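Structure below is start12.cif: mmCIF, C-alpha atoms.
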```cif
data_upload
loop_
_atom_site.label_atom_id
_atom_site.label_comp_id
_atom_site.auth_asym_id
_atom_site.auth_seq_id
_atom_site.Cartn_x
_atom_site.Cartn_y
_atom_site.Cartn_z
CA MET A 1 16.11 6.19 -17.66
CA LYS A 2 12.91 6.73 -19.64
CA ALA A 3 12.50 10.18 -18.08
CA ASN A 4 16.08 11.11 -19.03
CA LYS A 5 15.47 10.08 -22.65
CA TYR A 6 12.30 12.16 -22.75
CA LEU A 7 14.15 15.13 -21.27
CA ALA A 8 16.99 14.76 -23.80
CA GLY A 9 14.52 14.62 -26.68
CA LEU A 10 12.67 17.69 -25.46
CA ILE A 11 15.89 19.67 -25.09
CA PHE A 12 17.17 18.57 -28.51
CA ILE A 13 13.98 19.83 -30.15
CA THR A 14 14.22 23.15 -28.28
CA VAL A 15 17.87 23.72 -29.22
CA SER A 16 17.20 22.76 -32.85
CA LEU A 17 14.36 25.25 -33.13
CA PHE A 18 16.39 28.19 -31.89
CA SER A 19 19.87 27.22 -33.14
CA LEU A 20 21.92 30.02 -34.66
CA ALA A 21 24.58 27.86 -36.28
CA GLN A 22 26.61 27.79 -33.05
CA LYS A 23 27.40 24.08 -33.22
CA PRO A 24 29.85 23.72 -30.27
CA LEU A 25 27.68 25.88 -28.01
CA ASP A 26 24.50 24.02 -29.04
CA ASN A 27 26.16 20.75 -28.07
CA TYR A 28 27.02 22.15 -24.64
CA LEU A 29 23.41 23.26 -24.16
CA ILE A 30 22.24 19.72 -24.82
CA ILE A 31 24.86 18.28 -22.46
CA ALA A 32 23.87 20.77 -19.75
CA ALA A 33 20.19 19.91 -20.18
CA GLU A 34 20.92 16.21 -19.85
CA ASN A 35 23.28 16.51 -16.87
CA ASN A 36 22.50 19.65 -14.85
CA PRO A 37 21.12 18.38 -11.51
CA GLY A 38 19.00 21.46 -10.86
CA LEU A 39 17.19 21.10 -14.17
CA LYS A 40 16.73 17.35 -13.70
CA ALA A 41 15.18 18.04 -10.29
CA LYS A 42 12.59 20.37 -11.83
CA PHE A 43 11.85 17.88 -14.60
CA ASN A 44 11.25 15.08 -12.11
CA GLU A 45 8.91 17.34 -10.16
CA TYR A 46 6.95 17.80 -13.39
CA LEU A 47 6.85 14.02 -14.02
CA ALA A 48 5.67 13.47 -10.46
CA SER A 49 2.84 15.96 -10.99
CA LEU A 50 1.72 13.99 -14.06
CA GLU A 51 1.27 10.93 -11.86
CA LYS A 52 -1.20 12.86 -9.72
CA THR A 53 -3.58 13.15 -12.69
CA SER A 54 -4.42 9.43 -12.72
CA GLN A 55 -4.54 9.44 -8.92
CA ALA A 56 -7.07 12.26 -8.90
CA ARG A 57 -9.39 10.51 -11.39
CA ALA A 58 -9.46 7.25 -9.39
CA LEU A 59 -12.36 6.41 -7.08
CA PRO A 60 -11.77 6.33 -3.34
CA ASP A 61 -10.54 2.96 -2.09
CA PRO A 62 -13.35 0.60 -1.06
CA GLN A 63 -13.68 -0.07 2.65
CA ILE A 64 -13.97 -3.59 3.99
CA SER A 65 -14.53 -4.27 7.67
CA PHE A 66 -14.73 -7.44 9.73
CA GLY A 67 -16.37 -7.80 13.10
CA TYR A 68 -16.34 -10.83 15.39
CA PHE A 69 -18.90 -11.20 18.14
CA ILE A 70 -17.08 -12.22 21.32
CA ARG A 71 -20.45 -13.00 22.84
CA PRO A 72 -22.63 -14.19 19.93
CA VAL A 73 -25.95 -12.45 19.58
CA GLU A 74 -28.73 -15.03 19.81
CA THR A 75 -31.40 -14.76 17.14
CA ARG A 76 -34.30 -16.94 16.13
CA ASN A 77 -32.15 -18.48 13.45
CA GLY A 78 -29.10 -18.95 15.61
CA PRO A 79 -26.19 -17.02 17.15
CA GLN A 80 -24.53 -14.29 15.06
CA GLN A 81 -20.78 -15.15 14.95
CA PHE A 82 -19.11 -12.53 12.70
CA ARG A 83 -19.99 -9.75 10.33
CA VAL A 84 -18.32 -8.62 7.05
CA SER A 85 -19.09 -5.26 5.43
CA ALA A 86 -17.96 -3.85 2.06
CA THR A 87 -18.56 -0.19 1.19
CA GLN A 88 -17.74 1.94 -1.87
CA VAL A 89 -18.07 5.73 -1.93
CA PHE A 90 -19.09 7.38 -5.25
CA PRO A 91 -18.61 11.16 -5.52
CA TRP A 92 -21.07 13.36 -7.39
CA PHE A 93 -21.16 13.00 -11.16
CA GLY A 94 -18.19 14.72 -12.82
CA SER A 95 -16.24 15.01 -9.59
CA GLN A 96 -13.40 12.74 -10.68
CA GLY A 97 -13.12 14.44 -14.06
CA ALA A 98 -12.89 17.86 -12.39
CA LYS A 99 -10.19 16.64 -10.03
CA GLY A 100 -8.31 15.13 -12.95
CA ASN A 101 -8.49 18.42 -14.88
CA TYR A 102 -7.20 20.26 -11.81
CA ALA A 103 -4.25 17.86 -11.48
CA ALA A 104 -3.48 18.14 -15.22
CA GLN A 105 -3.48 21.93 -14.97
CA ALA A 106 -1.17 21.76 -11.95
CA ALA A 107 1.19 19.62 -14.06
CA LYS A 108 1.20 22.31 -16.76
CA THR A 109 2.22 24.84 -14.13
CA LYS A 110 5.09 22.59 -13.05
CA PHE A 111 6.13 22.22 -16.67
CA GLU A 112 6.43 26.00 -17.04
CA VAL A 113 8.59 26.09 -13.91
CA PHE A 114 10.81 23.49 -15.57
CA GLN A 115 10.87 25.51 -18.82
CA GLU A 116 11.85 28.68 -16.97
CA THR A 117 14.65 26.81 -15.20
CA LYS A 118 15.85 25.45 -18.55
CA ALA A 119 15.81 28.86 -20.23
CA LYS A 120 17.73 30.39 -17.33
CA LEU A 121 20.28 27.56 -17.42
CA PHE A 122 20.77 28.05 -21.16
CA ASP A 123 21.38 31.77 -20.64
CA GLU A 124 23.96 31.06 -17.93
CA VAL A 125 25.72 28.48 -20.13
CA ARG A 126 25.80 30.84 -23.12
CA SER A 127 26.97 33.86 -21.08
CA THR A 128 29.73 31.88 -19.36
CA TYR A 129 30.82 30.47 -22.72
CA PHE A 130 31.07 33.98 -24.20
CA ASN A 131 33.06 35.19 -21.18
CA LEU A 132 35.42 32.24 -21.63
CA TYR A 133 35.95 33.32 -25.23
CA PHE A 134 36.74 36.91 -24.23
CA THR A 135 39.19 35.88 -21.49
CA LYS A 136 40.97 33.46 -23.81
CA LYS A 137 41.11 36.10 -26.54
CA GLY A 138 42.44 38.65 -24.08
CA ILE A 139 45.32 36.33 -23.12
CA LEU A 140 46.22 35.92 -26.80
CA ILE A 141 46.01 39.66 -27.50
CA ILE A 142 48.38 40.40 -24.62
CA ASP A 143 50.72 37.71 -26.01
CA GLU A 144 50.86 39.60 -29.29
CA ASN A 145 51.56 42.89 -27.53
CA LEU A 146 54.30 41.29 -25.46
CA LYS A 147 55.99 40.05 -28.64
CA PHE A 148 55.85 43.56 -30.08
CA LEU A 149 57.26 45.15 -26.93
CA LYS A 150 60.09 42.62 -26.74
CA SER A 151 61.05 43.28 -30.36
CA PHE A 152 60.84 47.00 -29.69
CA GLN A 153 62.94 46.49 -26.54
CA GLN A 154 65.70 44.94 -28.67
CA MET A 155 65.58 47.95 -30.97
CA ALA A 156 65.83 50.35 -28.02
CA LEU A 157 68.73 48.34 -26.55
CA ILE A 158 70.70 48.74 -29.79
CA LYS A 159 70.08 52.49 -29.72
CA VAL A 160 71.14 52.68 -26.06
CA GLU A 161 74.39 50.86 -26.79
CA ALA A 162 74.98 53.19 -29.73
CA GLY A 163 74.40 56.18 -27.45
CA LYS A 164 71.51 57.50 -29.50
CA VAL A 165 68.87 57.26 -26.74
CA SER A 166 68.81 57.13 -22.98
CA ALA A 167 68.62 53.83 -21.07
CA VAL A 168 65.32 55.13 -19.73
CA ASP A 169 63.71 54.03 -23.02
CA GLU A 170 64.63 50.43 -22.32
CA PHE A 171 63.46 50.69 -18.71
CA ARG A 172 60.10 52.13 -19.78
CA ILE A 173 59.53 49.21 -22.13
CA GLU A 174 60.50 46.76 -19.39
CA MET A 175 57.94 48.38 -17.09
CA ASP A 176 55.22 48.02 -19.73
CA ILE A 177 56.15 44.37 -20.22
CA ASN A 178 55.86 43.71 -16.48
CA ASP A 179 52.45 45.40 -16.36
CA LEU A 180 51.20 43.31 -19.28
CA LYS A 181 52.45 40.08 -17.73
CA ASN A 182 50.61 40.89 -14.51
CA GLN A 183 47.44 41.68 -16.46
CA GLN A 184 47.79 38.43 -18.36
CA SER A 185 48.22 36.44 -15.14
CA LEU A 186 44.97 37.90 -13.84
CA LEU A 187 43.18 36.88 -17.06
CA LYS A 188 44.54 33.34 -16.72
CA ASP A 189 43.17 33.16 -13.17
CA ASN A 190 39.81 34.45 -14.40
CA PHE A 191 39.80 31.89 -17.18
CA TYR A 192 40.29 29.05 -14.69
CA VAL A 193 37.41 30.28 -12.51
CA GLN A 194 35.12 30.71 -15.54
CA LEU A 195 36.09 27.24 -16.77
CA ILE A 196 35.09 25.68 -13.44
CA GLN A 197 31.80 27.61 -13.52
CA PHE A 198 31.09 26.44 -17.07
CA LYS A 199 31.89 22.80 -16.29
CA ASN A 200 29.64 22.89 -13.23
CA LEU A 201 26.78 24.29 -15.31
CA VAL A 202 27.26 21.69 -18.03
CA ASN A 203 28.11 18.97 -15.46
CA ASP A 204 29.86 16.89 -18.10
CA THR A 205 31.29 13.89 -16.25
CA ALA A 206 33.49 12.98 -19.25
CA ASP A 207 35.67 16.03 -18.50
CA ASN A 208 36.27 16.78 -22.18
CA PRO A 209 38.21 19.93 -23.18
CA ILE A 210 36.00 22.97 -23.85
CA ILE A 211 35.99 23.97 -27.53
CA ILE A 212 36.17 27.75 -27.85
CA PRO A 213 36.16 29.42 -31.31
CA ASP A 214 39.11 31.52 -32.46
CA ASN A 215 36.73 34.29 -33.47
CA LEU A 216 33.28 34.90 -32.03
CA TRP A 217 30.41 35.01 -34.48
CA GLU A 218 28.39 38.22 -34.86
CA SER A 219 24.71 37.28 -34.97
CA ASN A 220 21.77 39.69 -34.87
CA PHE A 221 18.06 39.57 -34.15
CA GLU A 222 15.77 38.57 -36.98
CA LEU A 223 12.86 40.40 -35.32
CA THR A 224 12.26 44.10 -34.76
CA LYS A 225 12.32 45.54 -31.27
CA THR A 226 8.52 45.62 -31.10
CA GLU A 227 8.29 42.02 -32.31
CA LEU A 228 10.83 40.95 -29.71
CA PHE A 229 8.82 42.33 -26.81
CA ASP A 230 5.60 40.92 -28.26
CA SER A 231 7.32 37.52 -28.28
CA ILE A 232 8.30 38.01 -24.64
CA ARG A 233 4.71 38.74 -23.64
CA ILE A 234 3.55 35.59 -25.43
CA LEU A 235 6.38 33.13 -24.76
CA ASN A 236 7.94 34.14 -21.43
CA HIS A 237 7.65 31.17 -19.07
CA GLN A 238 7.10 33.28 -15.98
CA LEU A 239 4.03 34.88 -17.59
CA LEU A 240 2.80 31.51 -18.85
CA ARG A 241 3.15 30.09 -15.35
CA ILE A 242 1.00 32.89 -13.94
CA ASP A 243 -1.65 32.21 -16.63
CA PHE A 244 -1.70 28.52 -15.73
CA GLU A 245 -1.92 29.32 -12.02
CA ARG A 246 -4.93 31.56 -12.70
CA GLN A 247 -6.63 28.78 -14.67
CA LEU A 248 -5.78 26.46 -11.80
CA LEU A 249 -7.81 28.66 -9.48
CA VAL A 250 -10.84 28.42 -11.78
CA LEU A 251 -10.58 24.62 -11.79
CA ARG A 252 -10.17 24.59 -8.04
CA GLU A 253 -13.43 26.50 -7.68
CA GLU A 254 -15.12 23.93 -9.93
CA VAL A 255 -13.77 21.06 -7.82
CA GLU A 256 -14.97 22.69 -4.61
CA ARG A 257 -18.37 23.36 -6.15
CA ILE A 258 -18.76 19.69 -7.07
CA ASN A 259 -17.46 18.63 -3.66
CA ASP A 260 -20.41 20.54 -2.21
CA LYS A 261 -22.78 18.13 -3.97
CA PRO A 262 -24.09 14.97 -2.28
CA GLY A 263 -21.98 11.84 -2.27
CA PHE A 264 -23.25 8.27 -2.59
CA THR A 265 -22.32 5.13 -0.69
CA ILE A 266 -23.13 1.59 -1.80
CA GLY A 267 -22.31 -1.49 0.22
CA VAL A 268 -23.29 -4.92 1.44
CA ASP A 269 -23.25 -6.61 4.86
CA TYR A 270 -22.88 -10.32 5.46
CA ILE A 271 -23.64 -11.85 8.84
CA ASN A 272 -22.66 -15.40 9.63
CA VAL A 273 -25.20 -17.23 11.81
CA GLY A 274 -24.15 -20.38 13.61
CA LYS A 275 -26.08 -23.42 14.83
CA GLY A 276 -28.45 -22.69 17.68
CA ASP A 277 -30.64 -24.70 20.06
CA ASN A 278 -33.69 -24.40 17.82
CA ASN A 279 -31.70 -24.53 14.56
CA LEU A 280 -29.81 -27.78 14.31
CA SER A 281 -28.07 -27.04 11.02
CA GLY A 282 -27.53 -23.30 11.41
CA LYS A 283 -28.41 -20.74 8.74
CA ASP A 284 -26.56 -17.79 7.17
CA ALA A 285 -28.48 -14.57 6.99
CA PHE A 286 -29.02 -13.12 3.54
CA LEU A 287 -26.76 -10.36 2.23
CA PHE A 288 -27.97 -6.95 3.25
CA PRO A 289 -27.41 -4.33 0.52
CA LYS A 290 -27.20 -0.77 1.74
CA ILE A 291 -27.10 2.67 0.15
CA GLY A 292 -26.45 6.07 1.63
CA PHE A 293 -25.62 9.60 0.70
CA SER A 294 -24.11 12.68 2.32
CA ILE A 295 -25.93 16.00 2.33
CA PRO A 296 -23.93 19.21 2.69
CA LEU A 297 -25.78 21.34 5.21
CA SER A 298 -23.66 24.50 5.31
CA ARG A 299 -23.25 26.80 2.30
CA LYS A 300 -20.85 29.15 4.07
CA LYS A 301 -17.81 27.12 3.03
CA GLN A 302 -18.80 27.22 -0.65
CA ARG A 303 -19.41 30.98 -0.58
CA ALA A 304 -16.07 31.53 1.17
CA ILE A 305 -14.27 29.45 -1.45
CA VAL A 306 -15.89 31.39 -4.30
CA ASN A 307 -14.89 34.71 -2.70
CA GLU A 308 -11.37 33.46 -2.00
CA THR A 309 -10.93 32.28 -5.59
CA ALA A 310 -12.18 35.57 -7.00
CA LEU A 311 -9.67 37.49 -4.89
CA LEU A 312 -6.83 35.15 -5.83
CA GLU A 313 -7.71 35.45 -9.54
CA LEU A 314 -7.61 39.22 -9.25
CA GLY A 315 -4.28 38.90 -7.47
CA LYS A 316 -2.93 36.82 -10.37
CA ASP A 317 -4.04 39.52 -12.83
CA PHE A 318 -2.08 42.11 -10.85
CA GLU A 319 0.90 39.74 -10.57
CA LYS A 320 0.96 39.28 -14.34
CA MET A 321 0.71 43.03 -14.89
CA ASP A 322 3.60 43.63 -12.47
CA LYS A 323 5.70 40.87 -14.08
CA THR A 324 5.02 42.28 -17.56
CA ASN A 325 6.15 45.73 -16.43
CA TRP A 326 9.30 44.24 -14.94
CA LEU A 327 10.01 42.28 -18.10
CA GLU A 328 9.59 45.42 -20.19
CA THR A 329 12.14 47.21 -18.00
CA VAL A 330 14.76 44.46 -18.16
CA PHE A 331 14.11 44.03 -21.89
CA GLU A 332 14.82 47.71 -22.49
CA LEU A 333 18.02 47.40 -20.48
CA GLY A 334 19.05 44.32 -22.43
CA TYR A 335 18.24 45.95 -25.77
CA LYS A 336 20.20 49.03 -24.72
CA ASP A 337 23.20 46.79 -23.99
CA PHE A 338 22.75 45.15 -27.39
CA ASN A 339 22.74 48.52 -29.22
CA ASP A 340 25.67 49.80 -27.16
CA ALA A 341 27.74 46.70 -27.93
CA ASP A 342 26.85 46.93 -31.62
CA ARG A 343 28.03 50.55 -31.75
CA ARG A 344 31.22 49.71 -29.87
CA ILE A 345 32.07 46.97 -32.36
CA ASP A 346 32.12 49.50 -35.21
CA LEU A 347 33.89 52.11 -33.08
CA TYR A 348 36.77 49.95 -31.86
CA LYS A 349 37.20 48.27 -35.21
CA THR A 350 37.82 51.74 -36.71
CA GLN A 351 39.93 52.90 -33.76
CA THR A 352 42.14 49.80 -33.93
CA ASP A 353 42.78 50.32 -37.62
CA LEU A 354 43.71 53.97 -37.10
CA ALA A 355 45.94 53.15 -34.13
CA LYS A 356 47.83 50.47 -36.08
CA ARG A 357 48.46 52.86 -38.96
CA SER A 358 49.65 55.52 -36.52
CA LEU A 359 51.95 53.02 -34.80
CA LYS A 360 53.70 52.20 -38.09
CA ILE A 361 54.40 55.90 -38.70
CA LEU A 362 55.72 56.41 -35.15
CA GLU A 363 57.84 53.26 -35.34
CA THR A 364 59.46 54.51 -38.55
CA GLU A 365 60.18 57.90 -36.98
CA TYR A 366 61.76 56.28 -33.92
CA ILE A 367 63.95 54.01 -36.03
CA THR A 368 65.19 56.84 -38.24
CA SER A 369 65.41 59.73 -35.81
CA SER A 370 64.88 58.28 -32.29
CA LYS A 371 61.97 60.67 -31.74
CA LYS A 372 58.47 60.37 -30.31
CA PHE A 373 59.26 57.49 -27.97
CA GLU A 374 56.46 58.47 -25.56
CA GLU A 375 53.94 58.62 -28.42
CA LEU A 376 55.06 55.20 -29.58
CA LEU A 377 54.42 53.60 -26.20
CA ARG A 378 51.10 55.41 -25.80
CA MET A 379 49.95 54.19 -29.22
CA GLU A 380 50.94 50.63 -28.35
CA ARG A 381 48.79 50.82 -25.22
CA LEU A 382 45.89 52.19 -27.28
CA ILE A 383 46.14 49.27 -29.71
CA LEU A 384 46.00 46.85 -26.78
CA LYS A 385 43.03 48.71 -25.31
CA TYR A 386 41.11 48.89 -28.60
CA ASN A 387 41.72 45.21 -29.38
CA LEU A 388 40.41 44.19 -25.96
CA GLU A 389 37.46 46.59 -26.20
CA PHE A 390 36.59 45.24 -29.64
CA GLU A 391 36.47 41.66 -28.38
CA LEU A 392 34.57 42.75 -25.26
CA ALA A 393 31.97 44.50 -27.44
CA LYS A 394 31.48 41.32 -29.49
CA THR A 395 31.10 39.34 -26.27
CA ASP A 396 28.67 41.83 -24.71
CA LYS A 397 26.53 41.78 -27.86
CA GLN A 398 26.12 38.00 -27.75
CA ILE A 399 25.42 38.09 -24.00
CA ALA A 400 22.70 40.69 -24.60
CA ILE A 401 21.20 38.53 -27.37
CA SER A 402 21.32 35.51 -25.06
CA PHE A 403 19.52 37.40 -22.28
CA ILE A 404 16.72 38.59 -24.56
CA ASN A 405 16.37 35.04 -25.90
CA TYR A 406 16.03 33.92 -22.28
CA LEU A 407 13.23 36.45 -21.77
CA MET A 408 11.54 34.89 -24.83
CA GLY A 409 11.77 31.49 -23.17
CA ARG A 410 14.65 30.16 -25.27
#
```

Step by step, read the file and then write its structure as structure tokens.
Amino acid sequence: MKANKYLAGLIFITVSLFSLAQKPLDNYLIIAAENNPGLKAKFNEYLASLEKTSQARALPDPQISFGYFIRPVETRNGPQQFRVSATQVFPWFGSQGAKGNYAAQAAKTKFEVFQETKAKLFDEVRSTYFNLYFTKKGILIIDENLKFLKSFQQMALIKVEAGKVSAVDEFRIEMDINDLKNQQSLLKDNFYVQLIQFKNLVNDTADNPIIIPDNLWESNFELTKTELFDSIRILNHQLLRIDFERQLLVLREEVERINDKPGFTIGVDYINVGKGDNNLSGKDAFLFPKIGFSIPLSRKKQRAIVNETALLELGKDFEKMDKTNWLETVFELGYKDFNDADRRIDLYKTQTDLAKRSLKILETEYITSSKKFEELLRMERLILKYNLEFELAKTDKQIAISFINYLMGR
């Protein structure tokens, strides 16, 4: 329970820092962070790694042994009956601190794994939410077009009955209506699948209805393109994890270097002496303090560890370079998608306006003179296409922004 509260507090701070006034979506991000089992698994792995820090700094457990002489050893003072020994091992000075630092650094690495999982989860939640918006909007747009076609169908039916146009006009409209209904059915199926995906990501056991805005906001980046990529190189959790893993190798070398130092052992022995023939009362032997130390004889292991660490550190440098190059590539692709969506928003907004004005002119001409029926239907299809493309562009823009935020660790 305490871990869940800490996780919820951490997520709330993260969402608050990077909130873009998207209140319903921000709430879903918090719910997903509190309930998503994959993220909770990574967070518990991080908490478990924190426990290793105190374990690493603790001294080895003392050893206590007991020995009973089946055949007592006769001494001048009497027969030895049993023996008790207590021993404590003390590593070289600074050894426990080095091990604790190594465990703490390993915990930082686990925390970056958790942060990367969280950022990826947030991107999936946001992207699925935006796709839900587009699918819902598409269903509504087709509804509007169906209403127009049905009203236009009534107009054509009147003209057919009056003998002014052929019955083919009515049939063509009926065909368009059937096509739109089929397209709308597919969107409804897609919406159901996306809804299940979103609920699984959020994992909200309350099963509350998903709040989707009527119109999607149009946010932009507050940073320049150069500043965005600089932020990725500084804040990306995959790069931070590699940095922590490299530092972990340095600390590992320090631990192994200290482990190559002598170790100390301090202990005491107690021997119980019973009553013998020449010792009527019996006499316990005095406590025997003892001290010892271990001396590493071979230096080959230490040299091999130093060489291994140096190679692994170099490997981490190459890994970071390769990951940075990959991030630059996917960032450019994401920024290209952002620019493309931004251009399409302006384009289809203009195209929709022009198509609607053209449709009014064609509708008037058909009512008055029964001409340009084919142009009228074609323009209606263009309005449907431009409306859908406009909403898709808005959706793609927010998905691109979400992906670049994910690369920045948000």

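Residues in contact range of stretch 87-104 of chain A, defined as at most 7 Å between all atoms listed in the file, with sequence neighbours fewer than 6 positions away removed, read Leu50, Lys52, Thr53, Ser54, Ala56, Arg57, Ala58, Pro60, Pro62, Gln63, Ile64, Leu248, Leu251, Arg252, Glu254, Val255, Ile258, Lys261, Pro262, Gly263, Phe264, Thr265, Ile266, Gly267 and Val268 of chain A.
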
Query raised in the report: Could you work out how far atom CA of A:Leu384 lies from atom CA of A:Arg344, giving the answer in Å with one decimal?
Result: 15.4 Å

Query raised in the report: What does the PyMOL selection byres ((chain A and resi 385) around 12) select in this file, as a VMD selection string?
Result: chain A and resid 138 141 to 142 145 180 348 to 349 351 to 352 355 to 356 378 to 384 386 to 392

Query raised in the report: What lies within 10 Å of A:Phe111 using all atoms listed in the file, ignoring chain neighbours under 5 positions off, as a PyMOL selection string?
Result: chain A and resi 42-47+49-50+105-106+116-117+237+241

Query raised in the report: Of the candidates A:Ser65, A:Gln398, A:Asn131, A:Ser219, which shows the shortest atom-to-atom distance to A:Leu195, using only C-alpha atoms?
Result: A:Asn131

Please reconstruct the missing atoms of stretch 394-406 of chain A (target: N, CA and C atoms) and return them as a tab-separated table (two decimals), in the frame of the given file.
```
chain	number	residue	atom	x	y	z
A	394	LYS	N	32.06	42.50	-28.85
A	394	LYS	CA	31.48	41.32	-29.49
A	394	LYS	C	30.89	40.37	-28.45
A	395	THR	N	31.60	40.21	-27.34
A	395	THR	CA	31.10	39.34	-26.27
A	395	THR	C	29.83	39.90	-25.64
A	396	ASP	N	29.84	41.19	-25.33
A	396	ASP	CA	28.67	41.83	-24.71
A	396	ASP	C	27.44	41.75	-25.62
A	397	LYS	N	27.66	41.85	-26.91
A	397	LYS	CA	26.53	41.78	-27.86
A	397	LYS	C	25.88	40.40	-27.80
A	398	GLN	N	26.68	39.35	-27.79
A	398	GLN	CA	26.12	38.00	-27.75
A	398	GLN	C	25.47	37.71	-26.40
A	399	ILE	N	26.04	38.26	-25.33
A	399	ILE	CA	25.42	38.09	-24.00
A	399	ILE	C	24.07	38.79	-23.95
A	400	ALA	N	23.97	39.97	-24.56
A	400	ALA	CA	22.70	40.69	-24.60
A	400	ALA	C	21.67	39.91	-25.42
A	401	ILE	N	22.10	39.35	-26.55
A	401	ILE	CA	21.20	38.53	-27.37
A	401	ILE	C	20.73	37.30	-26.58
A	402	SER	N	21.66	36.68	-25.87
A	402	SER	CA	21.32	35.51	-25.06
A	402	SER	C	20.29	35.86	-23.99
A	403	PHE	N	20.45	37.00	-23.34
A	403	PHE	CA	19.52	37.40	-22.28
A	403	PHE	C	18.13	37.65	-22.83
A	404	ILE	N	18.04	38.32	-23.98
A	404	ILE	CA	16.72	38.59	-24.56
A	404	ILE	C	16.09	37.29	-25.05
A	405	ASN	N	16.90	36.36	-25.56
A	405	ASN	CA	16.37	35.04	-25.90
A	405	ASN	C	15.83	34.33	-24.66
A	406	TYR	N	16.52	34.51	-23.54
A	406	TYR	CA	16.03	33.92	-22.28
A	406	TYR	C	14.67	34.51	-21.91
```
